[in-house]
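Enquirer: Can you read through this structure? Questions will come right after.
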Amino acid sequence: MSVIPAALGESPSGHAPGIPYSPVYDDVYHAVAGAWAQARHVFLGGNGLPARWQRQTRFVILETGFGLGNNFLATWATWLADAERCDRLVFISIEKHPLTRDDLARVHAAVPDTQDPDAGLRAALSTRLIEQWPPLTAGWHTRHFDEPLSADGRLQGVTLMLGLGDIAELLPSLLASVNAFYLDGFAPAKNPDMWDEGLLSRLDRLAAPDATAATWSAARGVRDALTRAGFVMTKTPGFAGKRDMIQGHFAPRYVAPPPAGGLQSTVASPHRHALVIGAGLAGCSAAHALCRQGWRVTLMDRHAGPAQEGSGNPGGLFHSIVHGEDGIHARAHRSAALATWSQIKGWIADGQVAGQTQGLIRLDAKTHSDDAKALIAKLNLPDDHVEWLDRAQAAEMSGLNLPCGGWFFHQAGWVHPAGYAKQLLSEAAPWQLDGQPLLSVRWHSEVASLTQAKDGTWLALDDHGVEIARAASVVMACAHQATALCNKLPSALAVSPVPLSRVRGQITAIAHDTADFKDVTLPKLPVAGSGYVLPLGGKDLLCGATTQHHDEDPAVRQADHIHNLGQAKRLGAWHRDLTRPSDVPDMAALFGRTGWRATTPDRLPLVGALPWSIDRLQAASRKVRLDQVRLIPRQRTEQGGLFVVTGLGSRGITWAALAGELLAHWVTGSPCPVEIGLRDAMDPARFLARTSRQTDKLTTDE
């Protein structure tokens, strides 16, 4: 999938002067009478808005062409003006040719909408959108625009899910329950791909039970495709002299039940309460994302505060990756890094969390400069996301005598993990529902086992079997402890094993006020590649980290310090030879910390509802297909379920924000923040599906 930025040109003769024009499609972006007026008549009016979203917890709109963002801005303004608005308005939109940030700002400043009754509000919303405009990388980009808390502490806001790429690829990759469809785009004769009848006829897959659809086009092919999708369509007067437009409501003859591993909508459920076990980055991110969806969360941890185990280091990196095939791992890491960057950059800029988001250099000695630049061009990655630096450029940017060149990722850097976790909890703490806080945190609370009450509620028990908490859903965000909790489940609730490995790691830090700091060159920004170095707090050096399997030693070891300093020396941040014992710094002068990463066999996280155990699957009353993850039965009901978010490995900071959003999607039924293929790749049931496919292949080969 690729993204090609839009080219804006002067309207040729025959088109209205002053209206933004696309030379790619030889068409203008909106009617002469005004983009906002058109949005209100065709899309808001055609979908019965704002009345249909009023007093709802969540309302989801899907637009097929973002363009200049006018439909989004007009809808946002209407939502803000509605005293009975829904709590969360989710606006999903797809755009193959997005504008760059500068072009978007220029167009919005230069082309005021004369039909807009409130130009000041329009400008303010446009500014907020431009400030959060993503780098133009393919895939889904989520932006939250939260409003100030209401008098009763209720959180309300608009979420934009912007999909950059071809609609033929992105629309089938979307998993959501959509309440209203805005079918927009350049004229069918100019842009037939946007109005493809095959795509439109499959909108029933996304339509919520009460869904509506509207479009300015009254083309027969569009009407017929929507009718095949289960919509009852009618013609109504068009906008600005156009005779007709069409609108419709979803009334299918049959709606298939969702697959076991598909989208389970719980937006109207009275059981919106989740217990999150573990307050590391994964647990705090999950709790934060669930609270944003209006769920009550009880967060429990055996320690006195957040991020005391794997997330307890004084600093850690986050960054994207580049790979020749741009496969699952590369796309997942890119989505994750961009999500973390978007979430924390403001907190770091405001001094609320320690860290740096101005970029990171990832060294690559095996790639030649010409090959790297050719790969960036092949993948169509924008230069404001990743650039190749030769050795001299990398050395100048980092301030280190580096051994080679590498990739410079703009949306990357480092952050203090515990500070990040605390900020997630701090932001969610004031959010309330019915006068009660959504988030409740219980420290010094260790969950020894789980079981289920007769009413389907999950019970958390201590090591004496005494109930210490209960909730409709349970999220295990407790790294390796998730394996033990799964193993202790009663046989009737047994789930497939959680495949996690414990990998020991030790970091090393040298403080600026110690004698050994004279042998340090502090990098200007983080540098990674067979180890890493970063400027901790802008004054101390943090380097590491070791990777040791089958090692349970909790001690901070001198040998590991030597290993880390050796890597720092190769990266140009440490200058003392360590071959002689007399050159090794005194252990007392170094800070070290040991922790264990929870890693999976394929180095991707585990996020989602846990699948049944093999024994339960084999004893099922009907044969279950195991070769497709979305068909595998899960440990959940309409009331709630058993979920996991773990296995973030050595990239916990990179994964944190996206893992939390993805987990909230699984629990609450909110739109999936990534393409469905990436969701499947992080699904805990993927290992069952792979084993099943391998077994089937062996059977076939025999």
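Following the order of the structure tokens, first chain is A, next is B, and so on, with residues numbered from 1 inside each chain and ligands from 1 in the order they appear.
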Could you give me, as a list of chain:residue names, each residue of range 248-279 of chain A that DSSP assigns to strand (DSSP E) when run on this structure's backbone?
Expert: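 Of range 248-279 of chain A, only A:Gly248, A:His249, A:Phe250, A:His273, A:Ala274, A:Leu275, A:Val276, A:Ile277 fall in strand (DSSP E).
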Enquirer: What does the file look like for those residues with N, CA and C atoms, as a PDB file, in the first residue's frame?
Expert:
```pdb
ATOM      1  N   GLY A 248     -30.294   6.492   2.664  1.00  0.00           N
ATOM      2  CA  GLY A 248     -30.941   5.222   2.941  1.00  0.00           C
ATOM      3  C   GLY A 248     -30.697   4.741   4.346  1.00  0.00           C
ATOM      4  N   HIS A 249     -31.433   3.711   4.732  1.00  0.00           N
ATOM      5  CA  HIS A 249     -31.247   3.096   6.042  1.00  0.00           C
ATOM      6  C   HIS A 249     -31.008   1.601   5.851  1.00  0.00           C
ATOM      7  N   PHE A 250     -30.275   1.027   6.780  1.00  0.00           N
ATOM      8  CA  PHE A 250     -29.862  -0.378   6.696  1.00  0.00           C
ATOM      9  C   PHE A 250     -31.002  -1.268   7.174  1.00  0.00           C
ATOM     10  N   HIS A 273     -17.409  -2.866  32.830  1.00  0.00           N
ATOM     11  CA  HIS A 273     -16.457  -2.783  33.932  1.00  0.00           C
ATOM     12  C   HIS A 273     -15.372  -3.826  33.690  1.00  0.00           C
ATOM     13  N   ALA A 274     -14.130  -3.402  33.718  1.00  0.00           N
ATOM     14  CA  ALA A 274     -13.013  -4.312  33.471  1.00  0.00           C
ATOM     15  C   ALA A 274     -12.022  -4.255  34.620  1.00  0.00           C
ATOM     16  N   LEU A 275     -11.503  -5.414  34.963  1.00  0.00           N
ATOM     17  CA  LEU A 275     -10.410  -5.534  35.926  1.00  0.00           C
ATOM     18  C   LEU A 275      -9.125  -5.705  35.135  1.00  0.00           C
ATOM     19  N   VAL A 276      -8.175  -4.815  35.330  1.00  0.00           N
ATOM     20  CA  VAL A 276      -6.879  -4.885  34.661  1.00  0.00           C
ATOM     21  C   VAL A 276      -5.835  -5.294  35.690  1.00  0.00           C
ATOM     22  N   ILE A 277      -5.168  -6.410  35.428  1.00  0.00           N
ATOM     23  CA  ILE A 277      -4.170  -6.945  36.355  1.00  0.00           C
ATOM     24  C   ILE A 277      -2.786  -6.589  35.842  1.00  0.00           C
TER      25      ILE A 277
END
```
Enquirer: Just the residues within 10 Å of Ile167 in chain A, please, counting only C-alpha atoms, with nothing from its chain fewer than 5 positions along; format it as number ranges by chain.
Expert: A: 64-65, 93-96, 172-173, 193-196, 199
Enquirer: What does the structure give for the distance between CA of Ile632 in chain A and CA of Ala337 in chain A, in Å to one decimal?
Expert: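 Calculated distance between CA of Ile632 in chain A and CA of Ala337 in chain A is 29.3 Å.
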Enquirer: How close does range 464-502 of chain A get to range 290-307 of chain A? List, as CSV, each residue of range 464-502 of chain A within 10 Å, its nearest atom pair and the distance in Å to one decimal, counting only C-alpha atoms.
Expert:
```
residue,atom,partner,partner_atom,distance
A:Ala469,CA,A:Thr298,CA,8.3
A:Arg470,CA,A:Thr298,CA,8.9
A:Ala471,CA,A:Thr298,CA,8.2
A:Ser473,CA,A:Val297,CA,9.6
A:Val474,CA,A:Thr298,CA,9.5
A:Val475,CA,A:Leu299,CA,9.4
A:Ala477,CA,A:Asp301,CA,9.8
A:Cys478,CA,A:Asp301,CA,8.5
```
Enquirer: Would you kindly return, as a list in words, each protein, DNA or RNA residue with an atom no farther than 10 Å from any atom of Gly48 in chain A, considering only C-alpha atoms and excluding same-chain residues fewer than 3 positions away?
Expert: Phe43, Leu44, Gly45, Ala51, Arg52, Trp53, Ala180, Thr212, Ala213, Ala214 and Gln247 of chain A
Enquirer: Only C-alpha atoms, please: the residues just picked out, written as an mmCIF file, in the first residue's frame.
Expert:
```cif
data_model
loop_
_atom_site.group_PDB
_atom_site.id
_atom_site.type_symbol
_atom_site.label_atom_id
_atom_site.label_comp_id
_atom_site.auth_asym_id
_atom_site.auth_seq_id
_atom_site.Cartn_x
_atom_site.Cartn_y
_atom_site.Cartn_z
ATOM 1 C CA PHE A 43 -24.090 14.154 4.949
ATOM 2 C CA LEU A 44 -25.367 15.423 8.288
ATOM 3 C CA GLY A 45 -28.914 15.983 7.059
ATOM 4 C CA ALA A 51 -30.488 13.719 16.346
ATOM 5 C CA ARG A 52 -29.269 10.140 15.874
ATOM 6 C CA TRP A 53 -26.105 10.511 17.928
ATOM 7 C CA ALA A 180 -23.564 6.514 9.474
ATOM 8 C CA THR A 212 -27.790 5.076 7.536
ATOM 9 C CA ALA A 213 -26.016 6.232 4.387
ATOM 10 C CA ALA A 214 -26.043 9.397 2.309
ATOM 11 C CA GLN A 247 -29.965 8.479 1.336
#
```
Enquirer: Have a look at CA of Glu197 in chain A and CA of Arg223 in chain A and let me know their distance in Å, one decimal.
Expert: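 These atoms are spaced 9.2 Å apart.
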Enquirer: Point out the residue among A:Ala286, A:Gln411, A:His41, A:Gly312 with the least atom-to-atom distance to Leu338 in chain A, counting only C-alpha atoms.
Expert: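 Among A:Ala286, A:Gln411, A:His41, A:Gly312, it is A:Gln411 that comes nearest to Leu338 in chain A.
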Enquirer: Could you give me, as a PyMOL selection string, the residues within 10 Å of range 576-584 of chain A, counting only C-alpha atoms and dropping anything in the same chain fewer than 4 positions from it?
Expert: chain A and resi 516+518-520+558-559+561-563+565-566+569
Enquirer: Output the selection as an mmCIF file, in the first residue's frame - C-alpha atoms for each residue.
Expert:
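Below is the file result.cif, written as the result:
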```cif
data_model
loop_
_atom_site.group_PDB
_atom_site.id
_atom_site.type_symbol
_atom_site.label_atom_id
_atom_site.label_comp_id
_atom_site.auth_asym_id
_atom_site.auth_seq_id
_atom_site.Cartn_x
_atom_site.Cartn_y
_atom_site.Cartn_z
ATOM 1 C CA ASP A 516 33.930 8.246 35.074
ATOM 2 C CA LYS A 518 35.012 12.272 31.756
ATOM 3 C CA ASP A 519 35.151 9.261 29.410
ATOM 4 C CA VAL A 520 31.614 9.866 28.108
ATOM 5 C CA GLN A 558 29.924 -6.259 36.568
ATOM 6 C CA ALA A 559 30.250 -8.444 33.463
ATOM 7 C CA HIS A 561 28.199 -3.462 32.821
ATOM 8 C CA ILE A 562 31.325 -4.222 30.803
ATOM 9 C CA HIS A 563 29.187 -5.603 27.976
ATOM 10 C CA LEU A 565 29.950 -0.109 28.053
ATOM 11 C CA GLY A 566 31.589 -2.045 25.226
ATOM 12 C CA LYS A 569 32.250 2.426 23.063
#
```
Enquirer: Which residues, written as a PyMOL selection string, have at least one atom at most 10 Å from Ser265 in chain A, with only C-alpha atoms counted and residues fewer than 4 positions away on the same chain left out?
Expert: chain A and resi 176-177+208+258+269+638+665-671
Enquirer: Using only C-alpha atoms for the distances, tell me which of A:Ala598, A:Ala568, A:Val90, A:Val607 is nearest to Gln156 in chain A.
Expert: A:Val90
Enquirer: Quick one: DSSP helix (DSSP H, G or I) residues in range 128-321 of chain A, as a VMD selection string?
Expert: chain A and resid 128 to 131 167 to 170 192 to 195 197 to 200 203 to 205 220 to 228 281 to 292
Enquirer: Compare A:Leu183, A:Ala123, A:Ile507, A:Leu424 by their minimum atom-to-atom distance to Gly46 in chain A, counting only C-alpha atoms, and give me the closest one.
Expert: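 So, comparing all the options, the nearest one is A:Leu183.
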Enquirer: Find the spatial neighbours of Leu485 in chain A, counting only C-alpha atoms, within a cut-off of 9 Å - ignore same-chain residues fewer than 6 positions away - and output them as a PyMOL selection string.
Expert: chain A and resi 447-450+476
Enquirer: Might you pull out every residue within 8 Å of Pro314 in chain A, with only C-alpha atoms counted and same-chain residues fewer than 4 positions away left off, and present them as a PDB file with N, CA and C atoms, in the first residue's frame?
Expert:
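Ended up saving to around38.pdb:
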```pdb
ATOM      1  N   HIS A 416      10.818   8.194  29.812  1.00  0.00           N
ATOM      2  CA  HIS A 416      10.906   7.555  31.122  1.00  0.00           C
ATOM      3  C   HIS A 416       9.667   6.665  31.283  1.00  0.00           C
ATOM      4  N   PRO A 417       9.803   5.343  31.299  1.00  0.00           N
ATOM      5  CA  PRO A 417       8.618   4.472  31.305  1.00  0.00           C
ATOM      6  C   PRO A 417       7.687   4.695  32.493  1.00  0.00           C
ATOM      7  N   ALA A 418       8.246   4.809  33.692  1.00  0.00           N
ATOM      8  CA  ALA A 418       7.385   5.000  34.864  1.00  0.00           C
ATOM      9  C   ALA A 418       6.653   6.334  34.796  1.00  0.00           C
ATOM     10  N   LEU A 536      20.079  10.512  29.027  1.00  0.00           N
ATOM     11  CA  LEU A 536      19.082  10.425  30.093  1.00  0.00           C
ATOM     12  C   LEU A 536      18.955  11.769  30.800  1.00  0.00           C
TER      13      LEU A 536
END
```
Enquirer: Grab the CA of Leu606 in chain A to CA of Leu164 in chain A distance for me, in Å with one decimal place.
Expert: 25.6 Å
